[in-house]
Structures are given as structure tokens and as C-alpha cells.
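In what follows, a structure is listed as C-alpha cells, so that the remarks can point back to it.
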Amino acid sequence: MASADRGQTKFQINLRRYLRETGVDRDLTRIICEIANASKYIINAIRTGDLGVAGTSNLYGEQQLALDVLSDRIITKRLVHAGVVAKIASEEVDEITTVSYPTNGRYSIAFDPLDGSSLVDVNLAVGTIVSIYEGDNLLQPGRNQVAALYVLYGPRTTMVVSTGQGVHEFAMNLLMEYDLVQENIKLEGPAKVYAPGGTRTKYSPGTEKFAKHLESNGAKLRYSGGFVPDINQVLIKRGGVFMYPHLNDLPQGKLRVLYELNPMAFLIEQAGGAASTGRGRILDLQPKSLDDCSPVFIGSKPEIEKLEHFIAEEG
Ligand code: FDP
């Protein structure tokens, strides 16, 4: 097994080699590497493109695409090109796309091409989130995912990925290739940070009690407004909680099960954490439509267990 302690890698291990050496299936490796390739173009679009305003023109009078639409096109093109994909669902497109090949692709992908795109104009971090299933059914519980990953476009570009054998972080180097930074990230310590989404005055009594519990146990408020960077800090700091709860006027919360919650829940569980709706495991939800939303509490397992207790008692 490839190994690298943070900052101590003697020889850089790149993403493709890491996946190959850890026995990941060839077609799955192909998909993950296609996303890695797509992310090079997305990062360029973020750096040099317009600020997400659809229908505006560039210097040459050409129509500009909003960054999330452009990111969707970049990823979809690469996934279709991969030759191993059956179905694609993108947060930017209303319907599932069936990819036609002479033979059927083995994997299906749901993805959010640019989560947090409303943060681009204020220059905060954004990300791509990807969920991968074997077969052609995308409306199944997230526990059946075979892999999940996100790419974080921050001061550095990083990819955090799991194929069901732990969670590993890669960073984009000067050649725009991903090198292994650390493997088998585990949520082991106390919750050092917490990122609470939604308006606090609209929290239920159980959620409010949980927020107070986290604060009184020393967790620092660290909320960027971007799901990917907010989850990333929980993982990389080895402990914390992100929540976007049920609100008085938004009982289903805001975040989407297929594109956002399932892949993040898969990654956090692979790191030894937990992801809950407040009343049950996110990965056990049976999605009824592409647009299903759910409240989410995700991060350090003992804290999520405590939250479920608060919700059961106080709602
Ligand atoms: P955004 O609307 O900017 O795309 O998934 C959507 C998301 O961002 C998440 O990244 C983020 O956690 C959440 O919405 C923020 O919602 P609020 O604006 O309600 O805080």
C-alpha cells in the first residue's frame, strides 16, 4: 500500500498510481482521473472567467456561460468521453442523462459541478462534489455508493476521495497533477470547529441545544458558507461538525441528498464519522427524486449521536 505522512512524502505518489496500487478497479480509476482532468479546466474558469453571470459577453463579444453551467459541461464531456459511464445526473440539469455506447457503461455518477457558486463573486472557496454507483440506478440509498470525492478550489486545489478503503487527500501540483498528501484521514479528536448553516433563530429546540452544547465544549464557529470547504475543515482538522438543519420555514433543510449529502456522508463515514438527518442515517435515505433535500448533521460521531438524542427529546 502506498503511504505518505503529511509533508514527509519522499517520492510523490500521484492519484492514478495511488489508485492502481491500492487495487481500485480500472474503470473506476478512469472516472476519478477524468474528474481530476476536468478540475484543471474548472480551476482555470474560476480564475479567469466571468463572475458567474449567465448571458454576459466576454472581450470578444462571445456569450459567457455561468461558472456552474460551464463546470457542468466540462465534467459531463469528460465523463461521456471516459466510455465507462451508464448514467449521469448533474445538479445543473433537470433529468438523468443516459450515455449511449455500443456496450453499457458500468458506473453511474451524480455530481454537483460547482457547489457554492454564489461564493465566487466574493472570492471564497468552492468545490465539485461527486458520487459514484455501480450499475445504472441513481435513485438508490447512498450506502450503495462505491466511491465519492470532492475537489476544493481554495488557495490550493485539493481532492479528497474514497473508494471504500478510507479517505485520502491529494493536492494539485505545479503541473496540475494530483499528488498524495495524506491517506486514511480519521475523525478522532473532539469537535474543534462547527459550521452551522441556516438562520439560527429558525432552529428547532433540539438543534439550538446542540449548537449551545458544541459552543460550551469549546468548538469554534467556523462557517464559510461553502459546503465543500466547511466539510473539508472538519476532515482535515480531524474533528468537528457541519449542519444545515431543518428550519421552522424549511423543514427539509436546503442541501440535496443525491448531489451533496450522499457523497459527503460516504466520505465522513469512511473517516469514522457520522452523517444524520437528525433522526437517522443519511446513507439509508431512499431518494424519491433527483431533487430530494434533507436536514443534515455531519462530522464527529459522538457529537452526531448526541444531536440525535437532543432531536429525539426536543425535536
Ligand atoms: P450555494 O447556495 O452558495 O451554492 O449547496 C448550496 C450551498 O451553497 C452550500 O455550499 C452551502 O453550505 C449552503 O448552500 C449555504 O446556504 P445559505 O446561503 O443558506 O447559508
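Just so we're on the same page: first chain in the C-alpha cells is A, next is B, and so on; residues restart at 1 for each chain, and ligands are numbered from 1 in the order they show up.
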Which chain A residues have any atom within 7 Å of an atom of ligand 1, and for each, what is the nearest pair of atoms with distance in Å to one decimal, counting only C-alpha atoms and all ligand atoms, rows sorted by chain and number, as JSON lines?
```
{"residue": "A:Asp115", "atom": "CA", "partner": "ligand 1", "partner_atom_place_in_ligand_line": "4 (O)", "distance": 4.8}
{"residue": "A:Gly116", "atom": "CA", "partner": "ligand 1", "partner_atom_place_in_ligand_line": "4 (O)", "distance": 3.3}
{"residue": "A:Ser117", "atom": "CA", "partner": "ligand 1", "partner_atom_place_in_ligand_line": "4 (O)", "distance": 5.1}
{"residue": "A:Ser118", "atom": "CA", "partner": "ligand 1", "partner_atom_place_in_ligand_line": "3 (O)", "distance": 4.3}
{"residue": "A:Leu119", "atom": "CA", "partner": "ligand 1", "partner_atom_place_in_ligand_line": "3 (O)", "distance": 5.7}
{"residue": "A:Gly197", "atom": "CA", "partner": "ligand 1", "partner_atom_place_in_ligand_line": "20 (O)", "distance": 5.1}
{"residue": "A:Gly198", "atom": "CA", "partner": "ligand 1", "partner_atom_place_in_ligand_line": "19 (O)", "distance": 5.0}
{"residue": "A:Gly225", "atom": "CA", "partner": "ligand 1", "partner_atom_place_in_ligand_line": "15 (C)", "distance": 4.8}
{"residue": "A:Gly226", "atom": "CA", "partner": "ligand 1", "partner_atom_place_in_ligand_line": "10 (O)", "distance": 3.7}
{"residue": "A:Phe227", "atom": "CA", "partner": "ligand 1", "partner_atom_place_in_ligand_line": "12 (O)", "distance": 3.7}
{"residue": "A:Val228", "atom": "CA", "partner": "ligand 1", "partner_atom_place_in_ligand_line": "10 (O)", "distance": 6.4}
{"residue": "A:Lys254", "atom": "CA", "partner": "ligand 1", "partner_atom_place_in_ligand_line": "14 (O)", "distance": 6.8}
{"residue": "A:Leu255", "atom": "CA", "partner": "ligand 1", "partner_atom_place_in_ligand_line": "5 (O)", "distance": 5.5}
{"residue": "A:Glu260", "atom": "CA", "partner": "ligand 1", "partner_atom_place_in_ligand_line": "5 (O)", "distance": 6.9}
```
Emit the selected residues as an mmCIF file, in the first residue's frame, including N, CA and C atoms.
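As a result, selection.cif now contains:
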```cif
data_model
loop_
_atom_site.group_PDB
_atom_site.id
_atom_site.type_symbol
_atom_site.label_atom_id
_atom_site.label_comp_id
_atom_site.auth_asym_id
_atom_site.auth_seq_id
_atom_site.Cartn_x
_atom_site.Cartn_y
_atom_site.Cartn_z
ATOM 1 N N ASP A 115 -20.348 23.557 -6.400
ATOM 2 C CA ASP A 115 -21.140 23.864 -5.215
ATOM 3 C C ASP A 115 -20.634 25.160 -4.582
ATOM 4 N N GLY A 116 -21.605 25.993 -4.193
ATOM 5 C CA GLY A 116 -21.234 27.270 -3.574
ATOM 6 C C GLY A 116 -20.904 28.324 -4.612
ATOM 7 N N SER A 117 -21.468 28.169 -5.821
ATOM 8 C CA SER A 117 -21.063 29.093 -6.890
ATOM 9 C C SER A 117 -21.428 30.541 -6.558
ATOM 10 N N SER A 118 -22.362 30.735 -5.632
ATOM 11 C CA SER A 118 -22.686 32.121 -5.251
ATOM 12 C C SER A 118 -21.549 32.740 -4.438
ATOM 13 N N LEU A 119 -20.544 31.938 -4.077
ATOM 14 C CA LEU A 119 -19.411 32.475 -3.311
ATOM 15 C C LEU A 119 -18.269 32.940 -4.206
ATOM 16 N N GLY A 197 -25.206 25.971 9.304
ATOM 17 C CA GLY A 197 -25.899 26.653 8.209
ATOM 18 C C GLY A 197 -27.298 27.071 8.614
ATOM 19 N N GLY A 198 -27.910 27.928 7.796
ATOM 20 C CA GLY A 198 -29.285 28.382 8.065
ATOM 21 C C GLY A 198 -29.295 29.480 9.130
ATOM 22 N N GLY A 225 -19.855 29.178 4.509
ATOM 23 C CA GLY A 225 -20.985 29.273 3.586
ATOM 24 C C GLY A 225 -20.824 28.384 2.377
ATOM 25 N N GLY A 226 -19.719 27.653 2.314
ATOM 26 C CA GLY A 226 -19.491 26.704 1.216
ATOM 27 C C GLY A 226 -19.449 25.299 1.804
ATOM 28 N N PHE A 227 -20.273 24.414 1.301
ATOM 29 C CA PHE A 227 -20.369 23.067 1.869
ATOM 30 C C PHE A 227 -19.020 22.332 1.782
ATOM 31 N N VAL A 228 -18.335 22.468 0.643
ATOM 32 C CA VAL A 228 -17.087 21.722 0.455
ATOM 33 C C VAL A 228 -15.994 22.201 1.426
ATOM 34 N N LYS A 254 -31.824 22.510 3.302
ATOM 35 C CA LYS A 254 -31.529 23.088 1.990
ATOM 36 C C LYS A 254 -30.737 22.154 1.077
ATOM 37 N N LEU A 255 -29.947 21.269 1.664
ATOM 38 C CA LEU A 255 -28.966 20.559 0.840
ATOM 39 C C LEU A 255 -29.549 19.298 0.192
ATOM 40 N N GLU A 260 -25.164 16.291 -2.901
ATOM 41 C CA GLU A 260 -24.341 16.877 -1.838
ATOM 42 C C GLU A 260 -24.198 15.955 -0.636
#
```
Per-residue DSSP, stretch 47-167 of chain A, filtered to helix (DSSP H, G or I), as a list in words: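 Those residues are Arg47, Thr48, Leu67, Asp68, Val69, Leu70, Ser71, Asp72, Arg73, Ile74, Ile75, Thr76, Lys77, Arg78, Leu79, Val80, His81, Ala82, Ser117, Ser118, Leu119, Gly142, Arg143 and Asn144 of chain A.
For A:Lys192, the set of protein, DNA and RNA residues having any atom at most 8 Å away, when counting only C-alpha atoms and skipping those fewer than 3 positions along the same chain, is Gly189, Gly218, Ala219, Lys220, Lys237, Gly239 and Gly240 of chain A.
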Tell me, in Å to one decimal, how far atom CA of A:Ala171 is from atom CA of A:Leu152.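 Going from atom CA of A:Ala171 over to atom CA of A:Leu152 covers 9.5 Å.
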Between A:Gly135, A:Gly299, A:Pro113, A:Gly280, single out the one closest to A:Leu149, counting only C-alpha atoms.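 Closest candidate: A:Pro113.
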Contact table stretch 137-231 of chain A vs stretch 79-87 of chain A, cut-off 12 Å, shortest pair per residue, only C-alpha atoms, as CSV:
```
residue,atom,partner,partner_atom,distance
A:Asn137,CA,A:Lys87,CA,7.9
A:Leu138,CA,A:Lys87,CA,7.7
A:Leu139,CA,A:Lys87,CA,11.1
```
Taking the DSSP secondary structure from the backbone, can you list the residues of stretch 29-225 of chain A that are strand (DSSP E), as a ChimeraX atom specification? /A:85-90,97-98,107-115,126-134,145-153,157-162,168-172,178-182,193-196,220-221
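Comparing the minimum interatomic distances between A:Gln12 and each of A:Ile304, A:Leu247, A:Leu180, A:Ala275, counting only C-alpha atoms, we find that A:Leu180 sits nearest.
Of the residues listed (A:Ile43, A:Ala148, A:Ala211, A:Val126), A:Ala211 shows the shortest atom-to-atom separation from A:Phe310; distances use only C-alpha atoms.
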